[in-house]
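**Student:** Next comes the structure file coords_7.txt, holding compact mmCIF, C-alpha atoms and all ligand atoms.
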```txt
# COMPACT_ATOMS: atom_id res chain seq x y z
CA MET A 1 158.61 65.97 95.91
CA TYR A 2 159.55 62.52 94.80
CA TYR A 3 163.29 62.97 94.70
CA GLN A 4 163.57 64.70 98.01
CA LYS A 5 161.57 61.98 99.67
CA ASN A 6 163.81 59.28 98.31
CA SER A 7 167.18 60.96 98.38
CA TRP A 8 168.14 59.34 101.68
CA ILE A 9 167.40 55.92 100.23
CA VAL A 10 169.70 56.61 97.36
CA ALA A 11 172.39 57.75 99.75
CA VAL A 12 172.75 54.27 101.22
CA MET A 13 172.97 52.59 97.88
CA VAL A 14 176.08 50.74 96.96
CA LEU A 15 177.43 51.04 93.49
CA CYS A 16 180.03 48.97 91.84
CA ILE A 17 181.30 48.20 88.43
CA VAL A 18 182.92 44.93 87.52
CA ALA A 19 185.87 44.36 85.29
CA CYS A 20 185.39 43.36 81.70
CA GLY A 21 185.23 39.71 80.91
CA GLY A 22 186.12 37.73 77.85
CA ASP A 23 187.67 39.65 75.01
CA ASP A 24 187.48 42.92 76.93
CA LYS A 25 190.56 41.90 78.90
CA LYS A 26 192.78 43.28 76.19
CA LYS A 27 191.07 46.62 76.51
CA PRO A 28 190.46 47.38 80.15
CA THR A 29 187.27 49.15 81.11
CA SER A 30 187.34 52.00 83.57
CA MET A 31 186.80 50.95 87.18
CA LYS A 32 185.91 54.33 88.59
CA THR A 33 182.64 54.56 90.50
CA LYS A 34 180.76 57.28 92.25
CA LYS A 35 177.48 57.84 94.01
CA GLU A 36 175.12 60.67 93.29
CA PRO A 37 171.68 61.63 94.60
CA ALA A 38 168.68 60.91 92.44
CA MET A 39 168.65 62.85 89.16
CA VAL A 40 171.44 65.23 90.09
CA GLN A 41 171.24 66.95 86.78
CA LYS A 42 168.30 67.93 84.66
CA THR A 43 168.19 65.74 81.64
CA MET A 44 167.98 68.54 79.15
CA ASN A 45 169.86 71.13 81.16
CA ILE A 46 173.14 70.12 79.60
CA LYS A 47 176.38 71.91 80.37
CA LYS A 48 177.53 73.58 77.20
CA ASP A 49 181.21 73.05 78.01
CA VAL A 50 180.81 69.27 77.67
CA MET A 51 181.23 68.32 74.05
CA PRO A 52 179.27 65.21 73.08
CA MET A 53 181.28 62.35 71.63
CA THR A 54 181.03 62.54 67.88
CA PRO A 55 180.63 59.17 66.16
CA THR A 56 183.79 58.14 64.28
CA GLY A 57 182.48 54.84 63.03
CA ASN A 58 184.17 52.95 65.87
CA MET A 59 181.58 51.49 68.17
CA GLY A 60 181.20 49.12 71.09
CA THR A 61 178.57 47.75 73.44
CA VAL A 62 177.58 48.30 77.04
CA MET A 63 176.29 45.28 78.95
CA ALA A 64 174.83 46.39 82.25
CA THR A 65 173.22 44.40 85.04
CA VAL A 66 171.30 45.71 88.04
CA MET A 67 171.56 43.50 91.11
CA PHE A 68 169.23 43.78 94.08
CA LYS A 69 170.63 43.33 97.60
CA GLY A 70 168.64 43.23 100.80
CA LYS A 71 165.12 42.30 101.82
CA ILE A 72 162.93 41.89 98.78
CA PRO A 73 159.82 44.08 99.16
CA LYS A 74 156.58 42.08 99.13
CA ARG A 75 154.46 42.70 96.08
CA SER A 76 150.94 43.13 97.42
CA MET A 77 147.80 42.71 95.35
CA LEU A 78 146.49 46.04 94.13
CA ASN A 79 143.09 47.09 95.44
CA ARG A 80 141.22 47.75 92.21
CA LYS A 81 137.68 47.32 93.53
CA SER A 82 136.78 50.95 92.85
CA ASP A 83 136.31 50.16 89.15
CA PRO A 84 134.59 46.88 88.21
CA ALA A 85 136.20 47.01 84.76
CA CYS A 86 139.63 46.89 86.39
CA ALA A 87 138.68 44.60 89.29
CA LYS A 88 137.95 41.74 86.89
CA LYS A 89 141.66 41.10 86.69
CA SER A 90 143.91 40.97 89.74
CA MET A 91 147.28 42.63 89.44
CA LYS A 92 150.24 42.89 91.78
CA ASP A 93 152.01 46.06 92.77
CA GLU A 94 154.90 46.82 90.38
CA THR A 95 156.79 49.47 92.37
CA VAL A 96 159.69 47.07 92.93
CA ILE A 97 160.06 43.90 90.86
CA VAL A 98 162.98 41.70 91.85
CA ASN A 99 163.66 38.95 89.33
CA SER A 100 164.24 35.31 90.30
CA ASN A 101 167.99 35.82 89.71
CA ASN A 102 168.04 38.66 92.32
CA THR A 103 168.26 41.38 89.70
CA LEU A 104 166.04 44.45 89.51
CA LYS A 105 163.56 44.86 86.67
CA ASP A 106 162.41 48.20 85.24
CA VAL A 107 165.62 50.19 85.66
CA LEU A 108 166.34 52.57 82.81
CA ILE A 109 170.02 52.55 81.91
CA ARG A 110 171.50 55.15 79.60
CA ILE A 111 174.57 57.10 78.67
CA LYS A 112 174.42 60.47 80.43
CA PRO A 113 172.61 63.01 78.24
CA GLY A 114 174.75 65.64 76.54
CA THR A 115 177.77 63.36 76.23
CA VAL A 116 177.02 61.28 73.11
CA LYS A 117 175.30 61.59 69.78
CA GLY A 118 173.50 58.90 67.85
CA PRO A 119 170.88 58.31 65.17
CA VAL A 120 167.27 58.90 66.25
CA ASP A 121 164.08 58.39 64.27
CA MET A 122 162.19 61.47 65.38
CA ASN A 123 159.09 60.29 63.52
CA LYS A 124 158.85 57.18 65.67
CA GLU A 125 156.19 57.60 68.32
CA VAL A 126 156.70 56.55 71.90
CA LYS A 127 153.73 54.29 72.58
CA ILE A 128 152.08 53.92 75.95
CA ALA A 129 149.03 51.70 76.33
CA GLN A 130 146.56 51.68 79.16
CA HIS A 131 145.94 47.97 79.32
CA ASP A 132 144.31 46.02 82.16
CA CYS A 133 144.22 49.37 83.96
CA MET A 134 148.03 49.56 84.00
CA TYR A 135 150.50 51.58 81.92
CA ARG A 136 152.34 49.40 79.41
CA PRO A 137 155.21 49.54 79.36
CA ARG A 138 155.54 50.80 82.91
CA ILE A 139 158.84 52.50 82.09
CA GLN A 140 160.58 53.29 78.84
CA GLY A 141 163.03 55.73 77.34
CA ALA A 142 162.38 58.41 74.74
CA VAL A 143 164.23 61.15 72.93
CA ASP A 144 163.40 64.81 73.44
CA GLY A 145 161.19 66.05 70.61
CA GLN A 146 159.57 62.70 69.90
CA LYS A 147 155.82 62.32 70.17
CA VAL A 148 154.12 60.15 72.76
CA SER A 149 150.98 58.30 71.76
CA ILE A 150 148.82 57.14 74.64
CA SER A 151 146.04 54.65 73.96
CA ASN A 152 143.21 53.28 76.06
CA ASP A 153 142.63 49.55 75.49
CA ASP A 154 140.30 49.22 78.48
CA LEU A 155 136.53 49.22 78.77
CA THR A 156 136.62 52.12 81.15
CA THR A 157 137.60 55.79 81.29
CA HIS A 158 141.14 56.73 82.24
CA ASN A 159 142.40 60.18 83.07
CA VAL A 160 145.95 60.61 81.84
CA HIS A 161 147.74 63.02 84.14
CA VAL A 162 151.35 63.61 83.13
CA TYR A 163 153.92 65.28 85.35
CA ASP A 164 157.53 66.22 84.77
CA MET A 165 159.72 65.23 87.68
CA ARG A 166 162.22 67.99 88.32
CA LYS A 167 164.91 67.94 90.95
CA GLY A 168 164.15 70.19 93.86
CA GLU A 169 161.02 71.54 92.21
CA GLY A 170 158.63 68.70 92.90
CA GLU A 171 156.45 67.49 90.09
CA GLU A 172 155.15 69.87 87.47
CA SER A 173 151.78 68.98 85.96
CA LEU A 174 152.09 69.00 82.16
CA TYR A 175 148.68 67.85 81.02
CA ASN A 176 145.62 66.16 82.37
CA LEU A 177 143.25 64.59 79.88
CA ALA A 178 140.26 62.26 80.20
CA GLN A 179 140.29 59.35 77.79
CA PRO A 180 137.02 57.39 77.68
CA ARG A 181 136.85 53.84 76.33
CA GLY A 182 137.24 53.79 72.57
CA ALA A 183 138.64 57.33 72.44
CA ALA A 184 141.43 58.21 70.02
CA GLU A 185 145.05 58.15 71.15
CA ILE A 186 146.36 61.17 72.98
CA LYS A 187 149.39 62.49 71.08
CA LYS A 188 151.75 65.00 72.62
CA GLU A 189 155.25 66.14 71.87
CA ILE A 190 158.01 65.77 74.45
CA GLU A 191 159.29 69.27 75.07
CA GLY A 192 162.50 69.21 77.08
CA TYR A 193 161.10 67.07 79.88
CA GLU A 194 163.22 65.17 82.36
CA VAL A 195 161.22 62.18 83.52
CA MET A 196 157.58 62.05 82.54
CA LYS A 197 155.48 60.42 85.25
CA LEU A 198 152.05 59.20 84.21
CA LYS A 199 149.31 58.93 86.78
CA CYS A 200 145.65 58.18 86.34
CA ASP A 201 143.33 60.38 88.37
CA VAL A 202 140.63 57.67 88.30
CA HIS A 203 142.80 54.69 89.25
CA PRO A 204 145.40 55.73 91.84
CA TRP A 205 147.50 52.56 91.45
CA MET A 206 148.34 53.38 87.82
CA THR A 207 151.90 54.72 87.42
CA GLY A 208 154.18 54.90 84.40
CA TYR A 209 157.43 56.63 83.44
CA VAL A 210 159.08 57.94 80.30
CA VAL A 211 162.74 58.90 80.82
CA VAL A 212 163.82 61.49 78.26
CA SER A 213 167.28 61.65 76.70
CA ASP A 214 168.90 63.50 73.79
CA HIS A 215 170.38 60.36 72.22
CA PRO A 216 169.22 56.77 71.56
CA PHE A 217 171.52 54.88 73.94
CA PHE A 218 169.10 53.69 76.64
CA ALA A 219 167.23 50.53 77.60
CA VAL A 220 165.18 49.15 80.49
CA THR A 221 166.27 46.10 82.48
CA ASP A 222 164.30 42.97 81.67
CA ASN A 223 163.40 39.88 83.70
CA LYS A 224 167.10 39.01 83.84
CA GLY A 225 167.98 42.52 85.09
CA MET A 226 170.10 43.26 82.05
CA VAL A 227 170.42 45.69 79.17
CA HIS A 228 172.64 45.82 76.10
CA LEU A 229 173.33 49.23 74.59
CA LYS A 230 174.63 48.55 71.12
CA ASN A 231 176.58 50.62 68.57
CA VAL A 232 177.70 53.22 71.10
CA PRO A 233 180.57 55.40 69.81
CA VAL A 234 183.83 54.49 71.56
CA GLY A 235 184.69 56.67 74.53
CA THR A 236 184.47 57.04 78.28
CA TYR A 237 181.05 57.88 79.60
CA THR A 238 178.97 58.21 82.70
CA LEU A 239 176.36 55.49 82.76
CA GLU A 240 173.11 56.28 84.58
CA ALA A 241 170.73 53.74 86.10
CA TRP A 242 167.33 55.11 87.17
CA HIS A 243 164.55 53.33 89.06
CA GLY A 244 161.12 54.80 89.83
CA LEU A 245 161.45 54.24 93.58
CA TYR A 246 165.18 54.06 94.23
CA GLY A 247 166.35 56.95 92.06
CA MET A 248 169.63 57.15 90.19
CA GLN A 249 173.10 55.68 90.42
CA THR A 250 175.99 56.40 88.08
CA ALA A 251 179.15 54.62 87.00
CA GLN A 252 181.97 55.32 84.57
CA VAL A 253 182.43 53.04 81.57
CA THR A 254 184.98 53.04 78.80
CA ILE A 255 183.76 51.57 75.55
CA ALA A 256 186.45 50.23 73.23
CA LYS A 257 186.00 49.36 69.57
CA ASP A 258 184.09 46.12 68.98
CA SER A 259 184.16 45.31 72.71
CA ALA A 260 181.57 45.03 75.42
CA ALA A 261 182.07 47.19 78.50
CA LYS A 262 180.39 45.56 81.48
CA ALA A 263 178.83 47.41 84.39
CA THR A 264 177.03 46.12 87.45
CA PHE A 265 174.86 48.34 89.60
CA ILE A 266 173.67 47.22 93.01
CA PHE A 267 170.47 48.67 94.41
CA SER A 268 169.78 48.12 98.07
CA GLY A 269 166.20 47.67 99.23
CA LYS A 270 166.99 49.07 102.67
CA GLY A 271 164.39 51.56 103.78
CA ALA A 272 162.25 50.96 100.72
CU CU B 301 142.84 54.85 84.82
```
Please render this file's structure as structure tokens.
**Tutor:**
Amino acid sequence: MYYQKNSWIVAVMVLCIVACGGDDKKKPTSMKTKKEPAMVQKTMNIKKDVMPMTPTGNMGTVMATVMFKGKIPKRSMLNRKSDPACAKKSMKDETVIVNSNNTLKDVLIRIKPGTVKGPVDMNKEVKIAQHDCMYRPRIQGAVDGQKVSISNDDLTTHNVHVYDMRKGEGEESLYNLAQPRGAAEIKKEIEGYEVMKLKCDVHPWMTGYVVVSDHPFFAVTDNKGMVHLKNVPVGTYTLEAWHGLYGMQTAQVTIAKDSAAKATFIFSGKGA
């Protein structure tokens, strides 16, 4: 029931998009903005009347930044005493990480699924490590049909419990597998999922996400709160920005040939 719980938070979010800078001035980027509730559409439930942009060889870049406005949530120390193997190392809560430049880390930004095509290496596995009793990376993107490979680097047993987060349907449990120390990787194919949420049934603080798309144009904001999506076919798109607690915002961007379309999202911490 994740989305329902957080939909009111999303409703107060402010979204904006800034004008292009530098050489983009010759080719104005769309300024349209709109707000939507978290994950308004299923990732793979794509409307058939929307034709994806077909690559013509003309490509541009998206440079997106996620700002954080409001009271910065305190990152408490996680209580990991229940497992001595985990308790050896102290870790802070990672639900909301605001960078020193007031940007938000761990936001997945992508072109809206179903609206663009691009090259994907379907043989490349999406790797998730359980390391220091945390999922690493905490959030990443993947393409539908790729395989996930989940490893256990720790000297303890984890129980990988994966859910698909579906709008209005709560979370659907996909699989639930114990992985003792030294065990082989768990490998599973992504089969039309929306957002895979990883939880460990042994260590309740462990949370990870894999956001699934049908194209390769996605990235997660870093410790500067930025992403660059490169070699995107020219066109006008909806850009989606998704955070594990705050949900999704969208913006329109127009990508011109050999130019960088800039977008700025603002997430508000109010009520978080
Ligand atoms: Cu665990």
**Student:** With only C-alpha atoms as the basis for distance, which of A:Asp83, A:Glu172, A:Glu185, A:Asp214 is at the shortest distance from Lys197 (chain A)?
**Tutor:**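 Smallest distance to Lys197 (chain A) is found for A:Glu172.
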**Student:** From the list A:His203, A:Lys81, A:Arg110, A:Lys147, which residue is nearest Met134 (chain A) when using only C-alpha atoms?
**Tutor:**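 Using only C-alpha atoms, Met134 (chain A) sits closest to A:His203.
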**Student:** For each of A:Leu104, A:Gly57, A:Pro84, A:Met196, take the minimum atom-to-atom distance to Ser268 (chain A), counting all atoms listed in the file, then give the residue where this is smallest.
**Tutor:**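 For Ser268 (chain A), the nearest of the given residues is A:Leu104.
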**Student:** Quick one: which chain A residues come within 12 Å of ligand CU 301 (chain B), and what is the nearest atom pair for each with the distance in Å to one decimal, counting only C-alpha atoms and all ligand atoms, rows ordered by chain and ascending number, as CSV?
**Tutor:**
```
residue,atom,partner,partner_atom,distance
A:Arg80,CA,B:CU301,CU,10.4
A:Ser82,CA,B:CU301,CU,10.8
A:Asp83,CA,B:CU301,CU,9.1
A:Pro84,CA,B:CU301,CU,12.0
A:Ala85,CA,B:CU301,CU,10.3
A:Cys86,CA,B:CU301,CU,8.7
A:Ala87,CA,B:CU301,CU,11.9
A:Ala129,CA,B:CU301,CU,11.0
A:Gln130,CA,B:CU301,CU,7.5
A:His131,CA,B:CU301,CU,9.3
A:Asp132,CA,B:CU301,CU,9.3
A:Cys133,CA,B:CU301,CU,5.7
A:Met134,CA,B:CU301,CU,7.5
A:Tyr135,CA,B:CU301,CU,8.8
A:Ser151,CA,B:CU301,CU,11.3
A:Asn152,CA,B:CU301,CU,8.9
A:Asp153,CA,B:CU301,CU,10.7
A:Asp154,CA,B:CU301,CU,8.9
A:Leu155,CA,B:CU301,CU,10.4
A:Thr156,CA,B:CU301,CU,7.7
A:Thr157,CA,B:CU301,CU,6.4
A:His158,CA,B:CU301,CU,3.6
A:Asn159,CA,B:CU301,CU,5.6
A:Val160,CA,B:CU301,CU,7.2
A:His161,CA,B:CU301,CU,9.6
A:Asn176,CA,B:CU301,CU,11.9
A:Leu177,CA,B:CU301,CU,10.9
A:Ala178,CA,B:CU301,CU,9.1
A:Gln179,CA,B:CU301,CU,8.7
A:Pro180,CA,B:CU301,CU,9.6
A:Arg181,CA,B:CU301,CU,10.4
A:Leu198,CA,B:CU301,CU,10.2
A:Lys199,CA,B:CU301,CU,7.9
A:Cys200,CA,B:CU301,CU,4.6
A:Asp201,CA,B:CU301,CU,6.6
A:Val202,CA,B:CU301,CU,5.0
A:His203,CA,B:CU301,CU,4.4
A:Pro204,CA,B:CU301,CU,7.5
A:Trp205,CA,B:CU301,CU,8.4
A:Met206,CA,B:CU301,CU,6.4
A:Thr207,CA,B:CU301,CU,9.4
A:Gly208,CA,B:CU301,CU,11.3
```
**Student:** Between A:Thr103, A:Asn123, A:Ser213, A:Thr56, which one has atoms that come closest to Lys69 (chain A), using all atoms listed in the file?
**Tutor:** A:Thr103
**Student:** Name the residues in contact with Phe217 (chain A) at a cut-off of 9 Å, using all atoms listed in the file, excluding same-chain residues fewer than 4 positions from it; report them as a VMD selection string.
**Tutor:** chain A and resid 109 to 111 116 to 118 213 229 to 232
**Student:** What would the file look like if the residues just selected were written as an mmCIF file, keeping the file's coordinate frame with C-alpha atoms?
**Tutor:**
```
data_model
loop_
_atom_site.group_PDB
_atom_site.id
_atom_site.type_symbol
_atom_site.label_atom_id
_atom_site.label_comp_id
_atom_site.auth_asym_id
_atom_site.auth_seq_id
_atom_site.Cartn_x
_atom_site.Cartn_y
_atom_site.Cartn_z
ATOM 1 C CA ILE A 109 170.020 52.550 81.910
ATOM 2 C CA ARG A 110 171.500 55.150 79.600
ATOM 3 C CA ILE A 111 174.570 57.100 78.670
ATOM 4 C CA VAL A 116 177.020 61.280 73.110
ATOM 5 C CA LYS A 117 175.300 61.590 69.780
ATOM 6 C CA GLY A 118 173.500 58.900 67.850
ATOM 7 C CA SER A 213 167.280 61.650 76.700
ATOM 8 C CA LEU A 229 173.330 49.230 74.590
ATOM 9 C CA LYS A 230 174.630 48.550 71.120
ATOM 10 C CA ASN A 231 176.580 50.620 68.570
ATOM 11 C CA VAL A 232 177.700 53.220 71.100
#
```
**Student:** Any idea what the distance is between CA of His243 (chain A) and CA of Phe265 (chain A)?
**Tutor:** 11.5 Å
**Student:** Could you model N, CA and C atoms for region 176-190 of chain A and present them as a PDB file, keeping the file's coordinate frame?
**Tutor:**
```
ATOM      1  N   ASN A 176     146.563  66.909  81.554  1.00  0.00           N
ATOM      2  CA  ASN A 176     145.620  66.160  82.370  1.00  0.00           C
ATOM      3  C   ASN A 176     144.378  65.948  81.517  1.00  0.00           C
ATOM      4  N   LEU A 177     144.280  64.775  80.901  1.00  0.00           N
ATOM      5  CA  LEU A 177     143.250  64.590  79.880  1.00  0.00           C
ATOM      6  C   LEU A 177     142.446  63.308  80.104  1.00  0.00           C
ATOM      7  N   ALA A 178     141.133  63.446  80.094  1.00  0.00           N
ATOM      8  CA  ALA A 178     140.260  62.260  80.200  1.00  0.00           C
ATOM      9  C   ALA A 178     140.296  61.506  78.882  1.00  0.00           C
ATOM     10  N   GLN A 179     140.279  60.184  78.982  1.00  0.00           N
ATOM     11  CA  GLN A 179     140.290  59.350  77.790  1.00  0.00           C
ATOM     12  C   GLN A 179     139.282  58.209  77.977  1.00  0.00           C
ATOM     13  N   PRO A 180     138.038  58.433  77.534  1.00  0.00           N
ATOM     14  CA  PRO A 180     137.020  57.390  77.680  1.00  0.00           C
ATOM     15  C   PRO A 180     137.334  56.158  76.843  1.00  0.00           C
ATOM     16  N   ARG A 181     136.657  55.064  77.128  1.00  0.00           N
ATOM     17  CA  ARG A 181     136.850  53.840  76.330  1.00  0.00           C
ATOM     18  C   ARG A 181     136.592  54.153  74.859  1.00  0.00           C
ATOM     19  N   GLY A 182     137.426  53.601  74.002  1.00  0.00           N
ATOM     20  CA  GLY A 182     137.240  53.790  72.570  1.00  0.00           C
ATOM     21  C   GLY A 182     137.718  55.127  72.033  1.00  0.00           C
ATOM     22  N   ALA A 183     138.195  56.000  72.907  1.00  0.00           N
ATOM     23  CA  ALA A 183     138.640  57.330  72.440  1.00  0.00           C
ATOM     24  C   ALA A 183     139.938  57.201  71.649  1.00  0.00           C
ATOM     25  N   ALA A 184     140.197  58.196  70.819  1.00  0.00           N
ATOM     26  CA  ALA A 184     141.430  58.210  70.020  1.00  0.00           C
ATOM     27  C   ALA A 184     142.641  58.355  70.935  1.00  0.00           C
ATOM     28  N   GLU A 185     143.800  57.980  70.388  1.00  0.00           N
ATOM     29  CA  GLU A 185     145.050  58.150  71.150  1.00  0.00           C
ATOM     30  C   GLU A 185     145.259  59.622  71.482  1.00  0.00           C
ATOM     31  N   ILE A 186     145.898  59.823  72.616  1.00  0.00           N
ATOM     32  CA  ILE A 186     146.360  61.170  72.980  1.00  0.00           C
ATOM     33  C   ILE A 186     147.781  61.286  72.440  1.00  0.00           C
ATOM     34  N   LYS A 187     148.039  62.301  71.643  1.00  0.00           N
ATOM     35  CA  LYS A 187     149.390  62.490  71.080  1.00  0.00           C
ATOM     36  C   LYS A 187     149.930  63.831  71.535  1.00  0.00           C
ATOM     37  N   LYS A 188     151.113  63.775  72.107  1.00  0.00           N
ATOM     38  CA  LYS A 188     151.750  65.000  72.620  1.00  0.00           C
ATOM     39  C   LYS A 188     153.244  64.947  72.361  1.00  0.00           C
ATOM     40  N   GLU A 189     153.804  66.094  72.092  1.00  0.00           N
ATOM     41  CA  GLU A 189     155.250  66.140  71.870  1.00  0.00           C
ATOM     42  C   GLU A 189     155.988  66.265  73.207  1.00  0.00           C
ATOM     43  N   ILE A 190     157.150  65.625  73.273  1.00  0.00           N
ATOM     44  CA  ILE A 190     158.010  65.770  74.450  1.00  0.00           C
ATOM     45  C   ILE A 190     158.817  67.054  74.275  1.00  0.00           C
TER      46      ILE A 190
END
```
